[in-house]
>>> print(open('my_file-v3.cif').read())   # mmCIF, C-alpha atoms and all ligand atoms
data_target
loop_
_atom_site.label_atom_id
_atom_site.label_comp_id
_atom_site.auth_asym_id
_atom_site.auth_seq_id
_atom_site.Cartn_x
_atom_site.Cartn_y
_atom_site.Cartn_z
CA MET A 274 -69.59 -24.83 3.24
CA MET A 275 -65.84 -24.49 3.85
CA GLY A 276 -64.97 -28.07 2.96
CA ARG A 277 -61.89 -29.97 3.93
CA GLN A 278 -58.66 -28.22 4.93
CA PHE A 279 -55.65 -30.15 3.67
CA SER A 280 -52.38 -30.17 5.60
CA THR A 281 -49.28 -29.22 3.61
CA TYR A 282 -48.32 -32.89 3.43
CA GLU A 283 -51.76 -33.88 2.12
CA TYR A 284 -51.79 -31.04 -0.38
CA ASN A 285 -48.36 -31.99 -1.70
CA GLN A 286 -49.34 -35.65 -1.96
CA LEU A 287 -52.34 -34.71 -4.13
CA LEU A 288 -50.13 -32.62 -6.40
CA LYS A 289 -47.51 -35.39 -6.55
CA TYR A 290 -50.15 -37.72 -8.01
CA ASN A 291 -51.53 -35.03 -10.33
CA LEU A 292 -54.80 -34.75 -8.41
CA ASP A 293 -56.59 -31.42 -8.12
CA PRO A 294 -57.20 -30.72 -4.37
CA HIS A 295 -60.45 -28.88 -5.27
CA ASN A 296 -61.97 -32.18 -6.34
CA TYR A 297 -61.52 -33.70 -2.86
CA LEU A 298 -62.86 -31.01 -0.55
CA ASP A 299 -65.97 -33.00 0.34
CA THR A 300 -64.34 -36.26 1.40
CA ASN A 301 -62.79 -37.14 4.75
CA ALA A 302 -60.97 -40.13 3.30
CA PRO A 303 -57.33 -40.48 4.37
CA ILE A 304 -55.09 -38.91 1.75
CA GLU A 305 -53.48 -42.32 1.12
CA TYR A 306 -56.79 -43.78 -0.07
CA ILE A 307 -57.32 -40.76 -2.34
CA THR A 308 -53.89 -40.96 -3.98
CA GLY A 309 -53.72 -44.76 -3.75
CA PHE A 310 -50.27 -44.61 -2.17
CA ALA A 311 -48.72 -44.53 1.32
CA GLU A 312 -45.13 -43.69 2.21
CA PHE A 313 -43.30 -46.37 4.19
CA LYS A 314 -39.57 -46.35 4.83
CA GLY A 315 -39.02 -43.94 1.97
CA LYS A 316 -40.96 -45.94 -0.65
CA SER A 317 -44.43 -45.42 -2.05
CA PHE A 318 -46.64 -48.44 -1.42
CA ALA A 319 -49.92 -48.88 -3.29
CA VAL A 320 -52.86 -49.10 -0.87
CA ASN A 321 -56.62 -49.32 -1.24
CA LYS A 322 -59.69 -49.83 0.92
CA HIS A 323 -58.74 -53.49 1.39
CA THR A 324 -55.41 -52.70 3.04
CA LEU A 325 -54.43 -50.91 6.21
CA ILE A 326 -52.42 -47.74 5.61
CA PRO A 327 -48.99 -48.77 6.93
CA ARG A 328 -48.10 -46.71 10.01
CA VAL A 329 -44.85 -44.88 10.67
CA GLU A 330 -44.46 -46.78 14.00
CA THR A 331 -44.29 -50.02 12.06
CA GLU A 332 -41.13 -48.85 10.28
CA GLU A 333 -39.37 -49.34 13.63
CA LEU A 334 -40.41 -53.03 13.67
CA VAL A 335 -38.60 -53.54 10.36
CA ASN A 336 -35.54 -51.66 11.66
CA ILE A 337 -35.42 -53.84 14.80
CA ALA A 338 -35.64 -57.01 12.70
CA VAL A 339 -32.92 -55.90 10.25
CA LYS A 340 -30.57 -55.06 13.15
CA SER A 341 -31.04 -58.45 14.74
CA THR A 342 -30.65 -60.46 11.50
CA SER A 343 -27.09 -61.72 11.21
CA GLY A 344 -27.32 -64.64 8.76
CA ASN A 345 -26.48 -64.37 5.08
CA ASP A 346 -29.53 -66.25 3.84
CA THR A 347 -32.66 -65.33 5.76
CA SER A 348 -36.03 -66.99 5.36
CA PHE A 349 -39.03 -64.97 6.48
CA VAL A 350 -42.79 -64.89 6.40
CA ASP A 351 -45.02 -61.84 6.90
CA ILE A 352 -48.39 -63.00 8.26
CA GLY A 353 -51.18 -60.45 7.67
CA THR A 354 -49.04 -58.60 5.14
CA GLY A 355 -51.73 -56.16 3.92
CA SER A 356 -49.97 -53.92 1.39
CA GLY A 357 -46.78 -55.93 1.95
CA ALA A 358 -45.05 -52.96 3.59
CA ILE A 359 -43.24 -54.92 6.32
CA GLY A 360 -42.09 -57.94 4.33
CA ILE A 361 -41.12 -55.98 1.21
CA SER A 362 -39.21 -53.34 3.23
CA PHE A 363 -37.36 -56.05 5.15
CA ALA A 364 -36.36 -57.76 1.88
CA LEU A 365 -35.29 -54.42 0.37
CA GLU A 366 -33.04 -53.73 3.37
CA LEU A 367 -31.44 -57.20 3.15
CA LYS A 368 -30.93 -56.70 -0.57
CA ASN A 369 -29.19 -53.35 0.07
CA LEU A 370 -26.91 -55.14 2.53
CA ASN A 371 -26.11 -57.73 -0.18
CA LYS A 372 -27.72 -60.46 1.92
CA ARG A 373 -29.75 -63.26 0.43
CA PHE A 374 -33.31 -63.99 1.47
CA SER A 375 -36.43 -65.93 0.61
CA GLY A 376 -39.84 -64.90 1.82
CA VAL A 377 -43.56 -65.42 1.95
CA LEU A 378 -46.14 -62.62 2.10
CA SER A 379 -49.48 -63.86 3.34
CA ASP A 380 -52.91 -62.50 4.14
CA ILE A 381 -56.39 -63.87 4.72
CA SER A 382 -57.69 -61.27 2.22
CA ALA A 383 -57.25 -62.03 -1.49
CA TYR A 384 -57.88 -58.32 -2.18
CA ALA A 385 -55.03 -57.26 0.13
CA LEU A 386 -52.73 -59.85 -1.45
CA LYS A 387 -53.43 -58.36 -4.87
CA VAL A 388 -52.13 -55.02 -3.56
CA ALA A 389 -49.09 -56.73 -2.00
CA LYS A 390 -48.40 -58.30 -5.41
CA THR A 391 -48.47 -54.88 -7.10
CA ASN A 392 -46.00 -53.55 -4.53
CA LEU A 393 -43.76 -56.58 -4.88
CA ASN A 394 -43.63 -56.11 -8.65
CA ASN A 395 -43.08 -52.35 -8.40
CA LEU A 396 -40.53 -52.26 -5.60
CA LEU A 397 -38.64 -55.53 -5.44
CA PHE A 398 -39.06 -57.65 -8.60
CA GLU A 399 -37.87 -60.74 -6.70
CA SER A 400 -38.97 -64.20 -7.70
CA ASN A 401 -37.95 -65.71 -4.34
CA ILE A 402 -40.93 -64.11 -2.61
CA GLN A 403 -44.16 -66.08 -2.65
CA LEU A 404 -47.64 -64.70 -2.09
CA VAL A 405 -49.96 -67.05 -0.22
CA LYS A 406 -53.58 -66.52 0.74
CA SER A 407 -53.91 -68.03 4.19
CA ASP A 408 -55.74 -67.85 7.50
CA LEU A 409 -52.64 -67.50 9.71
CA PHE A 410 -50.40 -70.55 8.91
CA VAL A 411 -53.03 -72.85 7.37
CA ASN A 412 -51.65 -72.62 3.78
CA ILE A 413 -48.07 -71.61 4.62
CA PRO A 414 -45.49 -74.08 3.24
CA LYS A 415 -44.34 -76.40 6.06
CA GLN A 416 -40.89 -75.06 6.89
CA LYS A 417 -39.05 -73.36 9.77
CA PHE A 418 -38.36 -69.66 9.21
CA ASP A 419 -35.60 -67.45 10.63
CA VAL A 420 -37.94 -64.48 10.91
CA ILE A 421 -41.71 -64.25 11.25
CA PHE A 422 -43.47 -60.88 11.11
CA ALA A 423 -47.01 -60.36 12.32
CA ASN A 424 -48.83 -57.07 12.51
CA LEU A 425 -52.24 -58.67 12.95
CA PRO A 426 -55.47 -56.97 14.05
CA TYR A 427 -54.92 -56.09 17.73
CA ILE A 428 -57.44 -53.43 18.73
CA PRO A 429 -59.88 -54.60 21.43
CA SER A 430 -63.37 -54.76 19.81
CA ALA A 431 -64.94 -52.34 22.32
CA ARG A 432 -62.48 -49.62 21.32
CA ILE A 433 -63.24 -49.72 17.57
CA ALA A 434 -66.20 -47.32 17.98
CA SER A 435 -63.97 -44.69 19.61
CA LEU A 436 -61.26 -44.75 16.92
CA GLU A 437 -60.83 -41.63 14.79
CA ASP A 438 -63.36 -41.37 11.94
CA SER A 439 -60.54 -41.50 9.38
CA VAL A 440 -59.66 -44.95 10.72
CA LYS A 441 -63.01 -46.55 11.62
CA ASN A 442 -64.90 -45.22 8.58
CA PHE A 443 -62.26 -46.05 5.97
CA GLU A 444 -59.80 -48.74 7.04
CA PRO A 445 -60.86 -52.41 6.75
CA ILE A 446 -62.35 -53.71 10.01
CA THR A 447 -60.67 -57.08 9.32
CA ALA A 448 -57.33 -55.29 9.67
CA LEU A 449 -58.21 -53.69 13.01
CA ASP A 450 -60.48 -55.80 15.24
CA GLY A 451 -58.49 -58.15 17.49
CA GLY A 452 -61.47 -59.47 19.47
CA SER A 453 -62.45 -58.86 23.10
CA ASP A 454 -58.99 -58.09 24.52
CA GLY A 455 -57.26 -57.50 21.17
CA LEU A 456 -55.25 -60.71 21.52
CA GLU A 457 -57.68 -63.24 20.03
CA ILE A 458 -55.94 -63.56 16.64
CA ILE A 459 -52.48 -63.15 18.19
CA ARG A 460 -53.20 -66.06 20.59
CA LYS A 461 -54.05 -68.34 17.64
CA PHE A 462 -51.05 -67.02 15.73
CA LEU A 463 -48.58 -67.74 18.55
CA SER A 464 -49.92 -71.25 19.10
CA GLN A 465 -49.39 -72.08 15.39
CA ALA A 466 -46.13 -70.15 14.94
CA ILE A 467 -44.16 -72.47 17.22
CA ASP A 468 -44.15 -75.08 14.38
CA TYR A 469 -42.83 -72.56 11.83
CA VAL A 470 -39.96 -70.82 13.63
CA LYS A 471 -36.38 -72.10 13.87
CA LEU A 472 -35.07 -72.75 17.39
CA ASP A 473 -32.84 -69.67 17.03
CA GLY A 474 -35.47 -67.78 15.01
CA LYS A 475 -37.55 -64.81 16.11
CA ILE A 476 -41.02 -63.40 15.75
CA PHE A 477 -41.42 -59.64 15.35
CA MET A 478 -44.92 -58.53 16.24
CA GLU A 479 -46.79 -55.29 16.66
CA VAL A 480 -49.33 -55.14 19.50
CA ASP A 481 -51.67 -52.67 21.18
CA ASP A 482 -50.27 -50.31 23.79
CA THR A 483 -52.46 -52.06 26.38
CA HIS A 484 -50.67 -55.37 25.72
CA THR A 485 -48.01 -54.82 28.35
CA ALA A 486 -47.92 -58.36 29.73
CA ALA A 487 -47.24 -61.58 27.88
CA THR A 488 -47.15 -64.01 30.81
CA GLU A 489 -49.82 -66.31 29.35
CA PHE A 490 -47.41 -67.23 26.54
CA GLU A 491 -44.27 -67.77 28.62
CA ASN A 492 -44.46 -71.54 28.54
CA SER A 493 -43.66 -71.49 24.82
CA TRP A 494 -42.17 -68.05 24.20
CA ALA A 495 -39.57 -65.73 25.73
CA ILE A 496 -41.03 -62.32 24.93
CA GLU A 497 -39.20 -59.01 25.00
CA ILE A 498 -41.59 -56.04 25.03
CA LEU A 499 -40.42 -52.82 23.38
CA ASN A 500 -41.79 -49.28 23.06
CA ASP A 501 -42.28 -47.38 19.82
CA SER A 502 -40.77 -43.92 19.24
CA ASN A 503 -43.77 -42.34 21.04
CA LYS A 504 -42.76 -44.34 24.15
CA LYS A 505 -45.87 -46.48 23.76
CA ASN A 506 -45.77 -50.20 24.37
CA ARG A 507 -45.82 -51.53 20.81
CA PHE A 508 -43.63 -54.53 19.87
CA TRP A 509 -43.18 -58.09 21.07
CA ILE A 510 -40.01 -59.91 20.03
CA CYS A 511 -40.65 -63.61 20.67
CA ARG A 512 -38.09 -66.43 20.82
CA PRO A 513 -39.16 -70.05 21.26
CA VAL A 514 -38.42 -71.38 24.73
CA LYS A 515 -36.00 -74.33 24.58
CA HIS A 516 -37.54 -77.17 26.64
C1 LIG B 1 -53.17 -54.41 11.11
S1 LIG B 1 -53.26 -54.96 9.43
C2 LIG B 1 -51.52 -54.93 9.04
C3 LIG B 1 -51.17 -54.86 7.59
C4 LIG B 1 -49.67 -54.75 7.32
N1 LIG B 1 -48.95 -55.86 7.89
C5 LIG B 1 -49.12 -53.44 7.85
O1 LIG B 1 -48.36 -53.47 8.83
O2 LIG B 1 -49.45 -52.39 7.28
C6 LIG B 1 -53.64 -56.67 9.67
C7 LIG B 1 -53.69 -57.56 8.44
O3 LIG B 1 -53.93 -58.91 8.88
C8 LIG B 1 -54.84 -59.52 7.99
N2 LIG B 1 -55.52 -60.63 8.73
C9 LIG B 1 -56.56 -60.54 9.58
N3 LIG B 1 -56.85 -61.77 10.07
C10 LIG B 1 -55.98 -62.63 9.51
C11 LIG B 1 -55.79 -64.05 9.61
N4 LIG B 1 -56.56 -64.81 10.39
N5 LIG B 1 -54.80 -64.61 8.87
C12 LIG B 1 -54.02 -63.85 8.06
N6 LIG B 1 -54.16 -62.50 7.92
C13 LIG B 1 -55.13 -61.91 8.64
C14 LIG B 1 -55.77 -58.42 7.54
O4 LIG B 1 -56.40 -58.74 6.31
C15 LIG B 1 -54.79 -57.24 7.45
O5 LIG B 1 -54.24 -57.14 6.16
#
>>> encode(input="my_file-v3.cif", output="C-alpha cells")
Amino acid sequence: MMGRQFSTYEYNQLLKYNLDPHNYLDTNAPIEYITGFAEFKGKSFAVNKHTLIPRVETEELVNIAVKSTSGNDTSFVDIGTGSGAIGISFALELKNLNKRFSGVLSDISAYALKVAKTNLNNLLFESNIQLVKSDLFVNIPKQKFDVIFANLPYIPSARIASLEDSVKNFEPITALDGGSDGLEIIRKFLSQAIDYVKLDGKIFMEVDDTHTAATEFENSWAIEILNDSNKKNRFWICRPVKH
C-alpha cells in the first residue's frame, strides 16, 4: 500500500514539530490534529479533536473587526471561541496598536475552553481576558460589549454527510452542525446578543455561503453581508437597530 502523500506544507509541519512523516502514512487526520497546532494570523494555536481547526477565511473576520475598532478601550466577547483563535488574535492586534482591551472567550465545550486557555497563556498572557463556559450568553457577565464575535456552527445538517472526509470524520460535529438551515444556533445567538451589545457596538459573525439574506433579523439588526477572499458570501456585520 502506498499510504498517504503529504503536501510540502504538511511535510514541513511534521518536521517543525519533530514528527517523523513515516509514522503517519496510515492516517487521514488533518495535519493540524497530528501536530496539535494550527497556523492562524501568523501564530501557532494549539488544537485538538475538541476544537475546530481555525480557517484562513476567518482571519479576514478579525482584520475587518480591527479596522472598524476606533476606541482606545475595547470590550469584546468571542462566543463559540473553540481554540480561541478569533478572540486572542483580535486582542493581540489591539495590543500591537497599543490599545487597551478586556475580553471574554466562551464556549459550550469545557474541552475546547481548555485549549483556548492554553493558547491564551502561550500567546497573550493577559489577565483581563476571562474564560467562561457558556451556552451562548447564559453565563456571560451581564454587560454591554463594543465587539461580539461569533463563528458558531452554521452548516445545514443535511450537508454534513457531503463534507470532505478530513472535516466530517475528524472535526467536532458540535462545531459544524447549524441545524436544518444552518441558522438555528445563530437565530438564538442574535436574539440574546441584543442585550449584550452597546448601541454603537457591532457583531462580527461568520456564516455559510448560502446565508445570503438576513431579512428575518432586520427588525433588530442592520446587517451588512460581506464576501471572503474567495468571493464567497461569508460574514455578517450586525449593528443594533435604534428604535
Ligand atoms: C465553527 S466552531 C468555531 C471555533 C472558533 N471560533 C474558530 O473560528 O475557529 C464553533 C464553536 O462553537 C461552539 N458552540 C457550539 N454551540 C454553542 C453554543 N450553544 N454556545 C456556545 N458555543 C457553542 C463549538 O463548541 C465550537 O467551538
>>> residues_near_ligand(input="my_file-v3.cif", ligand="ligand LIG 1 (chain B)", cutoff="9 Å", atoms="all atoms listed in the file", output="number ranges by chain")
A: 323-328, 331-332, 351-360, 379-386, 406-411, 422-428, 445-451, 458-459, 461-462, 479
>>> closest_residue(input="my_file-v3.cif", among="A:Ile361, A:Lys415, A:Asn392, A:Val339", to="A:Phe310", atoms="only C-alpha atoms")
A:Asn392
>>> atom_distance(input="my_file-v3.cif", atom1="atom CA of A:Val470", atom2="atom CA of A:Pro513")
7.7 Å
>>> closest_atom_pairs(input="my_file-v3.cif", of="stretch 285-325 of chain A", to="stretch 396-405 of chain A", cutoff="9 Å", atoms="all atoms listed in the file", output="Markdown table")
| residue | atom | partner | partner_atom | distance |
| --- | --- | --- | --- | --- |
| A:Lys316 | CA | A:Leu396 | CA | 8.0 |
| A:Ser317 | CA | A:Leu396 | CA | 8.6 |
| A:Phe318 | CA | A:Leu396 | CA | 8.3 |
>>> atom_distance(input="my_file-v3.cif", atom1="atom CA of A:Thr281", atom2="atom CA of A:Val320")
20.7 Å
>>> residues_near_point(input="my_file-v3.cif", point="(-37.2, -52.7, 8.0)", cutoff="12 Å", atoms="all atoms listed in the file", output="PyMOL selection string")
chain A and resi 313-316+329-342+357-370+422+477
>>> closest_residue(input="my_file-v3.cif", among="A:Tyr290, A:Tyr306, A:Trp509, A:Tyr469", to="A:Ala486", atoms="all atoms listed in the file")
A:Trp509
>>> residues_around(input="my_file-v3.cif", residues="A:Ile510", least_positions_apart="5", cutoff="6 Å", atoms="only C-alpha atoms", output="list in words")
Ile476, Phe477, Ile496 and Glu497 of chain A
>>> closest_residue(input="my_file-v3.cif", among="A:Val388, A:Val350, A:Ile433, A:Leu499", to="A:Ser375", atoms="all atoms listed in the file")
A:Val350
>>> residues_near_point(input="my_file-v3.cif", point="(-47.7, -57.2, 25.0)", cutoff="8 Å", atoms="only C-alpha atoms", output="list of chain:residue names")
A:Val480, A:Asp481, A:Asp482, A:Thr483, A:His484, A:Thr485, A:Ala486, A:Ala487, A:Ile498, A:Asn506, A:Arg507, A:Phe508, A:Trp509
>>> residues_around(input="my_file-v3.cif", residues="stretch 489-493 of chain A", least_positions_apart="3", cutoff="9 Å", atoms="all atoms listed in the file", output="list in words")
Arg460, Leu463, Ser464, Ile467, Ala486, Ile496, Arg512, Pro513, Val514, Lys515 and His516 of chain A
>>> closest_residue(input="my_file-v3.cif", among="A:Ala466, A:Asp473, A:Ala431, A:Val420", to="A:Ser453", atoms="all atoms listed in the file")
A:Ala431
>>> atom_distance(input="my_file-v3.cif", atom1="atom CA of A:Leu298", atom2="atom CA of A:Ala389")
29.2 Å
>>> closest_residue(input="my_file-v3.cif", among="A:Ser430, A:Leu378, A:Met478, A:Asn442", to="A:Gly455", atoms="all atoms listed in the file")
A:Ser430
>>> build_atoms(input="my_file-v3.cif", residues="stretch 327-345 of chain A", atoms="N, CA, C and O atoms", output="PDB file, keeping the file's coordinate frame")
ATOM      1  N   PRO A 327     -50.092 -48.445   6.008  1.00  0.00           N
ATOM      2  CA  PRO A 327     -48.990 -48.770   6.930  1.00  0.00           C
ATOM      3  C   PRO A 327     -48.587 -47.561   7.753  1.00  0.00           C
ATOM      4  O   PRO A 327     -48.553 -46.442   7.249  1.00  0.00           O
ATOM      5  N   ARG A 328     -48.356 -47.795   9.062  1.00  0.00           N
ATOM      6  CA  ARG A 328     -48.100 -46.710  10.010  1.00  0.00           C
ATOM      7  C   ARG A 328     -46.595 -46.485  10.178  1.00  0.00           C
ATOM      8  O   ARG A 328     -45.808 -47.427  10.108  1.00  0.00           O
ATOM      9  N   VAL A 329     -46.260 -45.233  10.509  1.00  0.00           N
ATOM     10  CA  VAL A 329     -44.850 -44.880  10.670  1.00  0.00           C
ATOM     11  C   VAL A 329     -44.224 -45.680  11.815  1.00  0.00           C
ATOM     12  O   VAL A 329     -43.055 -46.081  11.734  1.00  0.00           O
ATOM     13  N   GLU A 330     -45.002 -45.993  12.875  1.00  0.00           N
ATOM     14  CA  GLU A 330     -44.460 -46.780  14.000  1.00  0.00           C
ATOM     15  C   GLU A 330     -43.955 -48.140  13.525  1.00  0.00           C
ATOM     16  O   GLU A 330     -42.988 -48.677  14.063  1.00  0.00           O
ATOM     17  N   THR A 331     -44.636 -48.678  12.522  1.00  0.00           N
ATOM     18  CA  THR A 331     -44.290 -50.020  12.060  1.00  0.00           C
ATOM     19  C   THR A 331     -42.920 -50.054  11.367  1.00  0.00           C
ATOM     20  O   THR A 331     -42.282 -51.109  11.291  1.00  0.00           O
ATOM     21  N   GLU A 332     -42.463 -48.906  10.890  1.00  0.00           N
ATOM     22  CA  GLU A 332     -41.130 -48.850  10.280  1.00  0.00           C
ATOM     23  C   GLU A 332     -40.084 -49.331  11.290  1.00  0.00           C
ATOM     24  O   GLU A 332     -39.111 -49.991  10.938  1.00  0.00           O
ATOM     25  N   GLU A 333     -40.320 -48.980  12.568  1.00  0.00           N
ATOM     26  CA  GLU A 333     -39.370 -49.340  13.630  1.00  0.00           C
ATOM     27  C   GLU A 333     -39.285 -50.869  13.782  1.00  0.00           C
ATOM     28  O   GLU A 333     -38.207 -51.406  14.079  1.00  0.00           O
ATOM     29  N   LEU A 334     -40.410 -51.556  13.561  1.00  0.00           N
ATOM     30  CA  LEU A 334     -40.410 -53.030  13.670  1.00  0.00           C
ATOM     31  C   LEU A 334     -39.460 -53.622  12.631  1.00  0.00           C
ATOM     32  O   LEU A 334     -38.694 -54.546  12.911  1.00  0.00           O
ATOM     33  N   VAL A 335     -39.503 -53.067  11.429  1.00  0.00           N
ATOM     34  CA  VAL A 335     -38.600 -53.540  10.360  1.00  0.00           C
ATOM     35  C   VAL A 335     -37.155 -53.240  10.750  1.00  0.00           C
ATOM     36  O   VAL A 335     -36.273 -54.092  10.612  1.00  0.00           O
ATOM     37  N   ASN A 336     -36.911 -52.030  11.278  1.00  0.00           N
ATOM     38  CA  ASN A 336     -35.540 -51.660  11.660  1.00  0.00           C
ATOM     39  C   ASN A 336     -34.997 -52.605  12.731  1.00  0.00           C
ATOM     40  O   ASN A 336     -33.845 -53.036  12.665  1.00  0.00           O
ATOM     41  N   ILE A 337     -35.854 -52.940  13.719  1.00  0.00           N
ATOM     42  CA  ILE A 337     -35.420 -53.840  14.800  1.00  0.00           C
ATOM     43  C   ILE A 337     -35.053 -55.205  14.207  1.00  0.00           C
ATOM     44  O   ILE A 337     -34.033 -55.800  14.550  1.00  0.00           O
ATOM     45  N   ALA A 338     -35.881 -55.685  13.290  1.00  0.00           N
ATOM     46  CA  ALA A 338     -35.640 -57.010  12.700  1.00  0.00           C
ATOM     47  C   ALA A 338     -34.351 -57.011  11.868  1.00  0.00           C
ATOM     48  O   ALA A 338     -33.554 -57.951  11.944  1.00  0.00           O
ATOM     49  N   VAL A 339     -34.134 -55.956  11.098  1.00  0.00           N
ATOM     50  CA  VAL A 339     -32.920 -55.900  10.250  1.00  0.00           C
ATOM     51  C   VAL A 339     -31.683 -55.918  11.160  1.00  0.00           C
ATOM     52  O   VAL A 339     -30.735 -56.666  10.916  1.00  0.00           O
ATOM     53  N   LYS A 340     -31.723 -55.141  12.231  1.00  0.00           N
ATOM     54  CA  LYS A 340     -30.570 -55.060  13.150  1.00  0.00           C
ATOM     55  C   LYS A 340     -30.266 -56.404  13.780  1.00  0.00           C
ATOM     56  O   LYS A 340     -29.112 -56.721  14.048  1.00  0.00           O
ATOM     57  N   SER A 341     -31.308 -57.194  14.025  1.00  0.00           N
ATOM     58  CA  SER A 341     -31.040 -58.450  14.740  1.00  0.00           C
ATOM     59  C   SER A 341     -30.904 -59.641  13.788  1.00  0.00           C
ATOM     60  O   SER A 341     -30.898 -60.778  14.210  1.00  0.00           O
ATOM     61  N   THR A 342     -30.805 -59.375  12.471  1.00  0.00           N
ATOM     62  CA  THR A 342     -30.650 -60.460  11.500  1.00  0.00           C
ATOM     63  C   THR A 342     -29.193 -60.548  11.084  1.00  0.00           C
ATOM     64  O   THR A 342     -28.682 -59.648  10.420  1.00  0.00           O
ATOM     65  N   SER A 343     -28.525 -61.636  11.482  1.00  0.00           N
ATOM     66  CA  SER A 343     -27.090 -61.720  11.210  1.00  0.00           C
ATOM     67  C   SER A 343     -26.754 -62.669  10.062  1.00  0.00           C
ATOM     68  O   SER A 343     -25.721 -62.523   9.420  1.00  0.00           O
ATOM     69  N   GLY A 344     -27.632 -63.630   9.785  1.00  0.00           N
ATOM     70  CA  GLY A 344     -27.320 -64.640   8.760  1.00  0.00           C
ATOM     71  C   GLY A 344     -27.213 -64.055   7.364  1.00  0.00           C
ATOM     72  O   GLY A 344     -27.629 -62.916   7.128  1.00  0.00           O
ATOM     73  N   ASN A 345     -26.628 -64.847   6.458  1.00  0.00           N
ATOM     74  CA  ASN A 345     -26.480 -64.370   5.080  1.00  0.00           C
ATOM     75  C   ASN A 345     -27.576 -64.857   4.161  1.00  0.00           C
ATOM     76  O   ASN A 345     -27.622 -64.467   2.996  1.00  0.00           O
TER      77      ASN A 345
END
